[in-house]
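Student: Okay, so here is work-v8.cif, and as you'll see once you scroll down, it has mmCIF, C-alpha atoms.
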```cif
data_model
loop_
_atom_site.label_atom_id
_atom_site.label_comp_id
_atom_site.auth_asym_id
_atom_site.auth_seq_id
_atom_site.Cartn_x
_atom_site.Cartn_y
_atom_site.Cartn_z
CA MET T 1 147.54 -99.54 -124.37
CA PRO T 2 150.36 -97.06 -125.24
CA GLY T 3 151.63 -95.16 -122.23
CA THR T 4 154.62 -92.97 -121.38
CA VAL T 5 158.20 -94.09 -122.03
CA LEU T 6 161.18 -92.34 -120.45
CA ILE T 7 164.30 -92.51 -122.66
CA VAL T 8 167.59 -91.95 -120.85
CA ASP T 9 170.65 -91.95 -123.13
CA ASP T 10 173.48 -89.48 -123.68
CA GLU T 11 173.62 -90.18 -127.43
CA ARG T 12 171.18 -87.65 -128.85
CA SER T 13 170.91 -89.48 -132.18
CA ILE T 14 169.69 -92.62 -130.40
CA VAL T 15 167.23 -90.62 -128.31
CA GLU T 16 165.83 -88.96 -131.45
CA ILE T 17 165.40 -92.31 -133.22
CA LEU T 18 163.73 -93.91 -130.21
CA ASP T 19 161.53 -90.86 -129.67
CA PHE T 20 160.39 -90.89 -133.29
CA ASN T 21 159.57 -94.60 -133.39
CA LEU T 22 157.86 -94.68 -130.00
CA LYS T 23 155.66 -91.72 -130.88
CA LYS T 24 154.86 -93.41 -134.19
CA GLU T 25 153.50 -96.34 -132.16
CA GLY T 26 151.34 -94.01 -130.07
CA TYR T 27 153.52 -93.66 -126.96
CA GLN T 28 154.19 -90.42 -125.14
CA THR T 29 157.86 -89.83 -124.35
CA LEU T 30 160.12 -88.14 -121.84
CA ARG T 31 163.80 -87.60 -122.65
CA ALA T 32 166.92 -87.26 -120.55
CA TYR T 33 170.59 -87.15 -121.54
CA ASP T 34 172.26 -87.93 -118.21
CA GLY T 35 171.56 -90.14 -115.22
CA ALA T 36 170.68 -87.36 -112.77
CA GLU T 37 168.09 -85.89 -115.13
CA GLY T 38 166.75 -89.37 -115.88
CA LEU T 39 166.27 -90.05 -112.17
CA ARG T 40 164.47 -86.72 -111.72
CA LEU T 41 162.10 -87.38 -114.61
CA ALA T 42 161.45 -90.93 -113.41
CA ARG T 43 160.43 -89.55 -110.03
CA GLU T 44 158.39 -86.60 -111.28
CA GLY T 45 156.97 -87.97 -114.53
CA SER T 46 156.02 -91.48 -113.32
CA PRO T 47 156.63 -93.12 -116.73
CA ASP T 48 155.14 -96.51 -117.50
CA VAL T 49 158.42 -97.87 -118.92
CA ILE T 50 162.03 -96.65 -118.76
CA LEU T 51 164.65 -97.23 -121.46
CA LEU T 52 167.86 -96.70 -119.51
CA ASP T 53 171.36 -96.58 -120.95
CA VAL T 54 174.17 -97.96 -118.78
CA MET T 55 176.95 -95.50 -119.61
CA LEU T 56 175.65 -92.05 -118.66
CA PRO T 57 177.17 -88.76 -117.45
CA LYS T 58 176.73 -87.74 -113.79
CA MET T 59 175.11 -91.04 -112.73
CA ASP T 60 175.29 -94.38 -114.52
CA GLY T 61 172.26 -96.47 -115.39
CA PHE T 62 172.94 -99.07 -112.70
CA ALA T 63 172.85 -96.37 -110.01
CA VAL T 64 169.64 -94.85 -111.43
CA CYS T 65 167.95 -98.26 -111.50
CA ALA T 66 169.07 -99.11 -107.97
CA ALA T 67 167.86 -95.74 -106.64
CA LEU T 68 164.41 -96.17 -108.17
CA ARG T 69 164.03 -99.70 -106.80
CA LYS T 70 165.17 -98.57 -103.35
CA GLU T 71 162.40 -95.96 -103.42
CA GLY T 72 159.85 -98.65 -104.26
CA ARG T 73 159.25 -97.49 -107.84
CA ASN T 74 158.43 -100.65 -109.76
CA MET T 75 157.84 -99.51 -113.33
CA PRO T 76 159.53 -101.79 -115.91
CA ILE T 77 163.14 -100.80 -116.63
CA ILE T 78 164.86 -101.97 -119.82
CA MET T 79 168.64 -101.43 -119.77
CA LEU T 80 170.33 -100.31 -122.99
CA THR T 81 173.98 -101.29 -123.18
CA ALA T 82 176.78 -101.42 -125.70
CA ARG T 83 178.70 -103.74 -123.43
CA GLU T 84 179.03 -107.43 -124.19
CA GLU T 85 180.47 -108.49 -120.84
CA GLU T 86 178.38 -111.11 -119.08
CA ARG T 87 178.85 -109.53 -115.67
CA ASP T 88 177.40 -106.20 -116.78
CA LYS T 89 174.19 -107.79 -118.03
CA VAL T 90 173.75 -109.82 -114.86
CA PHE T 91 174.58 -106.81 -112.69
CA GLY T 92 171.86 -104.81 -114.42
CA LEU T 93 169.31 -107.49 -113.57
CA GLU T 94 170.57 -107.67 -110.00
CA THR T 95 170.09 -103.92 -109.50
CA GLY T 96 166.42 -104.41 -110.36
CA ALA T 97 166.17 -104.05 -114.15
CA ASP T 98 163.46 -106.11 -115.80
CA ASP T 99 165.23 -106.61 -119.10
CA TYR T 100 168.24 -105.55 -121.15
CA ILE T 101 168.97 -105.13 -124.82
CA THR T 102 172.44 -104.76 -126.35
CA LYS T 103 173.32 -102.04 -128.86
CA PRO T 104 173.05 -102.09 -131.78
CA PHE T 105 169.49 -103.41 -131.55
CA SER T 106 166.69 -103.74 -134.05
CA MET T 107 163.88 -101.26 -133.54
CA ARG T 108 161.34 -104.04 -133.98
CA GLU T 109 162.84 -105.99 -131.09
CA LEU T 110 163.02 -102.96 -128.83
CA LEU T 111 159.43 -101.97 -129.53
CA ALA T 112 158.35 -105.55 -128.85
CA ARG T 113 160.08 -105.48 -125.48
CA VAL T 114 158.53 -102.13 -124.56
CA LYS T 115 155.08 -103.38 -125.54
CA THR T 116 155.43 -106.62 -123.61
CA ASN T 117 156.75 -105.00 -120.43
CA LEU T 118 154.07 -102.33 -120.56
CA ARG T 119 151.32 -104.88 -121.16
CA ARG T 120 152.48 -106.93 -118.20
CA SER T 121 152.55 -103.84 -115.99
CA LEU T 122 149.13 -102.54 -117.05
CA GLN T 123 147.46 -105.95 -116.88
CA SER T 124 148.83 -106.80 -113.46
CA ALA T 125 146.01 -105.16 -111.53
CA ALA T 126 143.38 -106.75 -113.77
CA ALA T 127 145.00 -110.16 -113.35
CA GLU T 128 145.04 -109.77 -109.59
CA ASN T 129 141.37 -108.80 -109.56
CA ALA T 130 140.49 -111.87 -111.59
CA ALA T 131 142.44 -114.10 -109.23
CA ALA T 132 140.83 -112.45 -106.24
CA ALA T 133 137.40 -113.43 -107.54
CA GLU T 134 138.29 -117.01 -106.55
CA ALA T 135 140.43 -116.32 -103.49
CA ASN T 136 141.90 -113.07 -102.27
CA LYS T 137 144.77 -114.68 -100.38
CA ILE T 138 147.24 -117.51 -100.78
CA THR T 139 148.90 -118.86 -97.64
CA VAL T 140 151.77 -121.35 -97.58
CA ARG T 141 153.67 -122.07 -94.34
CA GLY T 142 153.44 -118.58 -92.90
CA LEU T 143 153.87 -116.94 -96.29
CA THR T 144 150.77 -114.95 -97.28
CA LEU T 145 150.05 -113.28 -100.61
CA ASP T 146 147.22 -110.75 -100.56
CA LEU T 147 145.94 -110.74 -104.12
CA ASP T 148 143.71 -107.71 -103.52
CA ARG T 149 146.57 -105.55 -102.27
CA HIS T 150 149.24 -107.09 -104.50
CA SER T 151 151.46 -107.67 -101.48
CA ALA T 152 153.22 -110.50 -99.66
CA SER T 153 154.17 -111.10 -96.04
CA LEU T 154 156.04 -113.73 -94.09
CA ASP T 155 154.95 -114.42 -90.52
CA GLY T 156 153.28 -111.01 -90.47
CA ARG T 157 156.31 -109.16 -91.85
CA THR T 158 155.60 -107.34 -95.12
CA LEU T 159 158.05 -108.23 -97.90
CA ASP T 160 159.34 -105.32 -99.98
CA LEU T 161 159.08 -106.95 -103.41
CA THR T 162 159.24 -105.46 -106.87
CA GLN T 163 156.33 -106.20 -109.17
CA ARG T 164 158.36 -108.85 -111.00
CA GLU T 165 159.42 -110.53 -107.75
CA TYR T 166 155.84 -110.54 -106.49
CA GLU T 167 154.52 -112.04 -109.72
CA LEU T 168 157.23 -114.70 -109.67
CA LEU T 169 156.33 -115.63 -106.09
CA ARG T 170 152.61 -115.61 -106.88
CA HIS T 171 153.08 -117.94 -109.83
CA LEU T 172 154.99 -120.43 -107.69
CA ALA T 173 152.56 -120.07 -104.77
CA GLN T 174 149.53 -120.88 -106.91
CA THR T 175 150.74 -124.48 -107.19
CA PRO T 176 153.05 -125.14 -104.19
CA GLY T 177 155.20 -128.22 -104.63
CA LYS T 178 154.91 -128.15 -108.42
CA ILE T 179 158.21 -127.73 -110.24
CA VAL T 180 158.01 -124.92 -112.78
CA SER T 181 160.61 -124.71 -115.53
CA ARG T 182 162.56 -121.53 -116.19
CA GLN T 183 161.01 -121.45 -119.67
CA GLU T 184 157.48 -121.51 -118.22
CA LEU T 185 158.34 -118.82 -115.69
CA MET T 186 159.69 -116.65 -118.50
CA GLN T 187 156.51 -117.13 -120.51
CA GLN T 188 154.07 -116.69 -117.63
CA VAL T 189 155.79 -114.03 -115.51
CA TRP T 190 157.72 -112.12 -118.18
CA GLN T 191 154.91 -112.84 -120.67
CA TYR T 192 157.08 -113.48 -123.68
CA ASP T 193 159.46 -116.01 -125.12
CA TYR T 194 162.82 -114.62 -124.08
CA TYR T 195 165.34 -113.73 -126.75
CA GLY T 196 167.67 -116.65 -126.10
CA ASP T 197 168.57 -116.03 -122.44
CA LEU T 198 166.96 -117.36 -119.26
CA ARG T 199 169.38 -115.83 -116.75
CA ALA T 200 166.78 -113.20 -115.87
CA VAL T 201 164.79 -115.95 -114.12
CA ASP T 202 167.78 -117.05 -112.04
CA VAL T 203 168.60 -113.47 -111.06
CA ALA T 204 164.98 -112.76 -110.08
CA VAL T 205 164.86 -115.95 -107.97
CA ARG T 206 168.11 -114.96 -106.24
CA ARG T 207 166.80 -111.49 -105.44
CA LEU T 208 163.51 -112.94 -104.19
CA ARG T 209 165.35 -115.34 -101.89
CA GLU T 210 167.37 -112.47 -100.43
CA LYS T 211 164.11 -110.87 -99.29
CA LEU T 212 162.24 -114.03 -98.33
CA GLU T 213 164.68 -116.53 -96.91
CA LYS T 214 166.49 -116.45 -93.54
CA ASN T 215 169.51 -117.89 -95.34
CA PRO T 216 169.32 -117.41 -99.13
CA ALA T 217 172.10 -119.97 -99.57
CA ALA T 218 169.93 -122.60 -97.86
CA PRO T 219 166.38 -121.68 -98.94
CA GLU T 220 163.31 -123.06 -97.17
CA TYR T 221 160.64 -121.64 -99.48
CA VAL T 222 161.80 -121.10 -103.08
CA MET T 223 163.52 -124.35 -103.93
CA THR T 224 165.58 -125.49 -106.92
CA LYS T 225 165.16 -128.79 -108.74
CA ARG T 226 168.51 -128.98 -110.48
CA GLY T 227 168.18 -129.18 -114.25
CA VAL T 228 164.39 -128.79 -114.10
CA GLY T 229 163.26 -125.53 -112.49
CA TYR T 230 161.94 -123.98 -109.28
CA TYR T 231 159.10 -124.69 -106.86
CA LEU T 232 157.62 -123.34 -103.63
CA ALA T 233 158.05 -125.80 -100.76
CA GLU T 234 154.78 -126.91 -99.19
#
```
Kindly present the structure from the file in structure tokens form.
Tutor:
Amino acid sequence: MPGTVLIVDDERSIVEILDFNLKKEGYQTLRAYDGAEGLRLAREGSPDVILLDVMLPKMDGFAVCAALRKEGRNMPIIMLTAREEERDKVFGLETGADDYITKPFSMRELLARVKTNLRRSLQSAAAENAAAAEANKITVRGLTLDLDRHSASLDGRTLDLTQREYELLRHLAQTPGKIVSRQELMQQVWQYDYYGDLRAVDVAVRRLREKLEKNPAAPEYVMTKRGVGYYLAE
């Protein structure tokens, strides 16, 4: 399963440590020490996973992440940050990051996150093919998910979703009307028990609503059952 990991961090000692441990696990690596170079390598090298520091010369990690998502590049991005502020972590998720890990971090935890995000990314196509064996489309009230093409549309308008947003919508659409807890969404969509924080689910739902709903503040499709979870309205 090992693929290519792009490491973007201006602290050379951290890059060297990450490079050594990732290669030890069988991954290939690309390295960048500023945001502009990281963005270039992400575009040209097409890595399977990106480890992206927040505080970078020339272009910060938030800007790099936002630029890649705007271009439709949906590889998993794990933000590396020394910041403890709540707003910085949430902002990273809102710019399109899949995950974040705060420095100092244990190498075991970081490698586990890389492995999980990569597995989810690589298995996505296989999972879609398996689902398509039963039905290649799911349609709910004008919302259509094409499981063969891994795409979604609303009333004929294609939705520009990231892979995570699509998988979140697909999971809800498979059982419309069923309330799904944030914990289950984390396990099924993120494919691991989260390290003590479920805000990533709320951020992903908010971003999905911004692309799906006419009025994200008054959703008609992705609904909230307060204190329980989320569901797709039938």
Student: Select, from T:Leu118, T:Val64, T:Val54, T:Ile7, the residue with the minimum atom-to-atom distance to Thr81 in chain T, counting only C-alpha atoms.
Tutor: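 Smallest distance to Thr81 in chain T is found for T:Val54.
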Student: Name the residues that the PyMOL selection byres ((chain T and resi 223-231) around 8) picks from the file above, as a ChimeraX atom specification, using the file's chain letters and numbers.
Tutor: /T:172,176-182,219-222,232-233
Student: Measure the distance from CA of Leu51 in chain T to CA of Val90 in chain T in Å and round it to one decimal.
Tutor: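 Calculated distance between CA of Leu51 in chain T and CA of Val90 in chain T is 16.9 Å.
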Student: Work out how far CA of Glu37 in chain T is from CA of Lys70 in chain T, in Å to one decimal.
Tutor: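 Distance between the two atoms: 17.6 Å.
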Student: Between CA of Lys24 in chain T and CA of Gly3 in chain T, measure the distance and give it in Å to one decimal.
Tutor: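 CA of Gly3 in chain T lies 12.5 Å from CA of Lys24 in chain T.
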Student: Which centre and which edge lengths, in Å to one decimal, describe the axis-aligned box that holds all listed atoms of range 5-20 of chain T after 4 Å is added on each side, as lines of an AutoDock Vina configuration file?
Tutor:
```
center_x = 165.9
center_y = -90.9
center_z = -126.9
size_x = 23.4
size_y = 14.4
size_z = 20.8
```
Student: Identify the residues around (148.6, -109.0, -91.3) within a radius of 12 Å, measuring from only C-alpha atoms in the coordinates stated by the file, and give them as a list in words.
Tutor: Lys137, Thr139, Gly142, Leu143, Thr144, Leu145, Asp146, Arg149, Ser151, Ala152, Ser153, Leu154, Asp155, Gly156, Arg157, Thr158 and Leu159 of chain T
Student: Include C-alpha atoms and write out the residues we just selected as a PDB file, in the frame of the given file.
Tutor:
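Writing done, so here's again-v6.pdb:
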```
ATOM      1  CA  LYS T 137     144.770-114.680-100.380  1.00  0.00           C
ATOM      2  CA  THR T 139     148.900-118.860 -97.640  1.00  0.00           C
ATOM      3  CA  GLY T 142     153.440-118.580 -92.900  1.00  0.00           C
ATOM      4  CA  LEU T 143     153.870-116.940 -96.290  1.00  0.00           C
ATOM      5  CA  THR T 144     150.770-114.950 -97.280  1.00  0.00           C
ATOM      6  CA  LEU T 145     150.050-113.280-100.610  1.00  0.00           C
ATOM      7  CA  ASP T 146     147.220-110.750-100.560  1.00  0.00           C
ATOM      8  CA  ARG T 149     146.570-105.550-102.270  1.00  0.00           C
ATOM      9  CA  SER T 151     151.460-107.670-101.480  1.00  0.00           C
ATOM     10  CA  ALA T 152     153.220-110.500 -99.660  1.00  0.00           C
ATOM     11  CA  SER T 153     154.170-111.100 -96.040  1.00  0.00           C
ATOM     12  CA  LEU T 154     156.040-113.730 -94.090  1.00  0.00           C
ATOM     13  CA  ASP T 155     154.950-114.420 -90.520  1.00  0.00           C
ATOM     14  CA  GLY T 156     153.280-111.010 -90.470  1.00  0.00           C
ATOM     15  CA  ARG T 157     156.310-109.160 -91.850  1.00  0.00           C
ATOM     16  CA  THR T 158     155.600-107.340 -95.120  1.00  0.00           C
ATOM     17  CA  LEU T 159     158.050-108.230 -97.900  1.00  0.00           C
TER      18      LEU T 159
END
```
Student: Starting from the shown file, work through the PyMOL selection byres ((chain T and resi 185) around 10) and note down what comes out as a PyMOL selection string.
Tutor: chain T and resi 167-168+171-172+180-184+186-193+198+201+229-230
Student: Give one line per residue of range 74-190 of chain T that approaches range 203-211 of chain T to at most 9 Å, naming the two atoms of the closest pair and their distance in Å to one decimal, counting all atoms listed in the file; sort by chain then ascending residue number and deliver it as JSON lines.
Tutor:
```
{"residue": "T:Val90", "atom": "CA", "partner": "T:Val203", "partner_atom": "CA", "distance": 7.4}
{"residue": "T:Leu93", "atom": "CA", "partner": "T:Val203", "partner_atom": "CA", "distance": 6.5}
{"residue": "T:Glu94", "atom": "CA", "partner": "T:Val203", "partner_atom": "CA", "distance": 6.2}
{"residue": "T:Gly96", "atom": "CA", "partner": "T:Ala204", "partner_atom": "CA", "distance": 8.5}
{"residue": "T:Asp98", "atom": "CA", "partner": "T:Ala204", "partner_atom": "CA", "distance": 8.9}
{"residue": "T:Leu159", "atom": "CA", "partner": "T:Lys211", "partner_atom": "CA", "distance": 6.8}
{"residue": "T:Asp160", "atom": "CA", "partner": "T:Lys211", "partner_atom": "CA", "distance": 7.4}
{"residue": "T:Leu161", "atom": "CA", "partner": "T:Leu208", "partner_atom": "CA", "distance": 7.5}
{"residue": "T:Arg164", "atom": "CA", "partner": "T:Ala204", "partner_atom": "CA", "distance": 7.7}
{"residue": "T:Glu165", "atom": "CA", "partner": "T:Leu208", "partner_atom": "CA", "distance": 5.9}
{"residue": "T:Tyr166", "atom": "CA", "partner": "T:Leu208", "partner_atom": "CA", "distance": 8.4}
{"residue": "T:Leu168", "atom": "CA", "partner": "T:Val205", "partner_atom": "CA", "distance": 7.9}
{"residue": "T:Leu169", "atom": "CA", "partner": "T:Leu208", "partner_atom": "CA", "distance": 7.9}
```
Student: Run the PyMOL selection byres ((chain T and resi 9-16) around 10) mentally over the shown coordinates, then write out the matched residues as an mmCIF file with C-alpha atoms, in the frame of the given file, using the chain letters and numbers from the document.
Tutor:
```cif
data_model
loop_
_atom_site.group_PDB
_atom_site.id
_atom_site.type_symbol
_atom_site.label_atom_id
_atom_site.label_comp_id
_atom_site.auth_asym_id
_atom_site.auth_seq_id
_atom_site.Cartn_x
_atom_site.Cartn_y
_atom_site.Cartn_z
ATOM 1 C CA LEU T 6 161.180 -92.340 -120.450
ATOM 2 C CA ILE T 7 164.300 -92.510 -122.660
ATOM 3 C CA VAL T 8 167.590 -91.950 -120.850
ATOM 4 C CA ILE T 17 165.400 -92.310 -133.220
ATOM 5 C CA LEU T 18 163.730 -93.910 -130.210
ATOM 6 C CA ASP T 19 161.530 -90.860 -129.670
ATOM 7 C CA PHE T 20 160.390 -90.890 -133.290
ATOM 8 C CA ASN T 21 159.570 -94.600 -133.390
ATOM 9 C CA LEU T 22 157.860 -94.680 -130.000
ATOM 10 C CA LEU T 30 160.120 -88.140 -121.840
ATOM 11 C CA ARG T 31 163.800 -87.600 -122.650
ATOM 12 C CA ALA T 32 166.920 -87.260 -120.550
ATOM 13 C CA TYR T 33 170.590 -87.150 -121.540
ATOM 14 C CA ASP T 34 172.260 -87.930 -118.210
ATOM 15 C CA GLY T 35 171.560 -90.140 -115.220
ATOM 16 C CA GLY T 38 166.750 -89.370 -115.880
ATOM 17 C CA LEU T 51 164.650 -97.230 -121.460
ATOM 18 C CA LEU T 52 167.860 -96.700 -119.510
ATOM 19 C CA ASP T 53 171.360 -96.580 -120.950
ATOM 20 C CA VAL T 54 174.170 -97.960 -118.780
ATOM 21 C CA MET T 55 176.950 -95.500 -119.610
ATOM 22 C CA LEU T 56 175.650 -92.050 -118.660
ATOM 23 C CA PRO T 57 177.170 -88.760 -117.450
ATOM 24 C CA GLY T 61 172.260 -96.470 -115.390
ATOM 25 C CA LEU T 80 170.330 -100.310 -122.990
ATOM 26 C CA THR T 81 173.980 -101.290 -123.180
#
```
Student: When you look at Arg43 in chain T with a cut-off of 12 Å (counting all atoms listed in the file), what residues show up, excluding the ones that are within fewer than 2 positions of it in the same chain? I need them as a count of residues only.
Tutor: 23
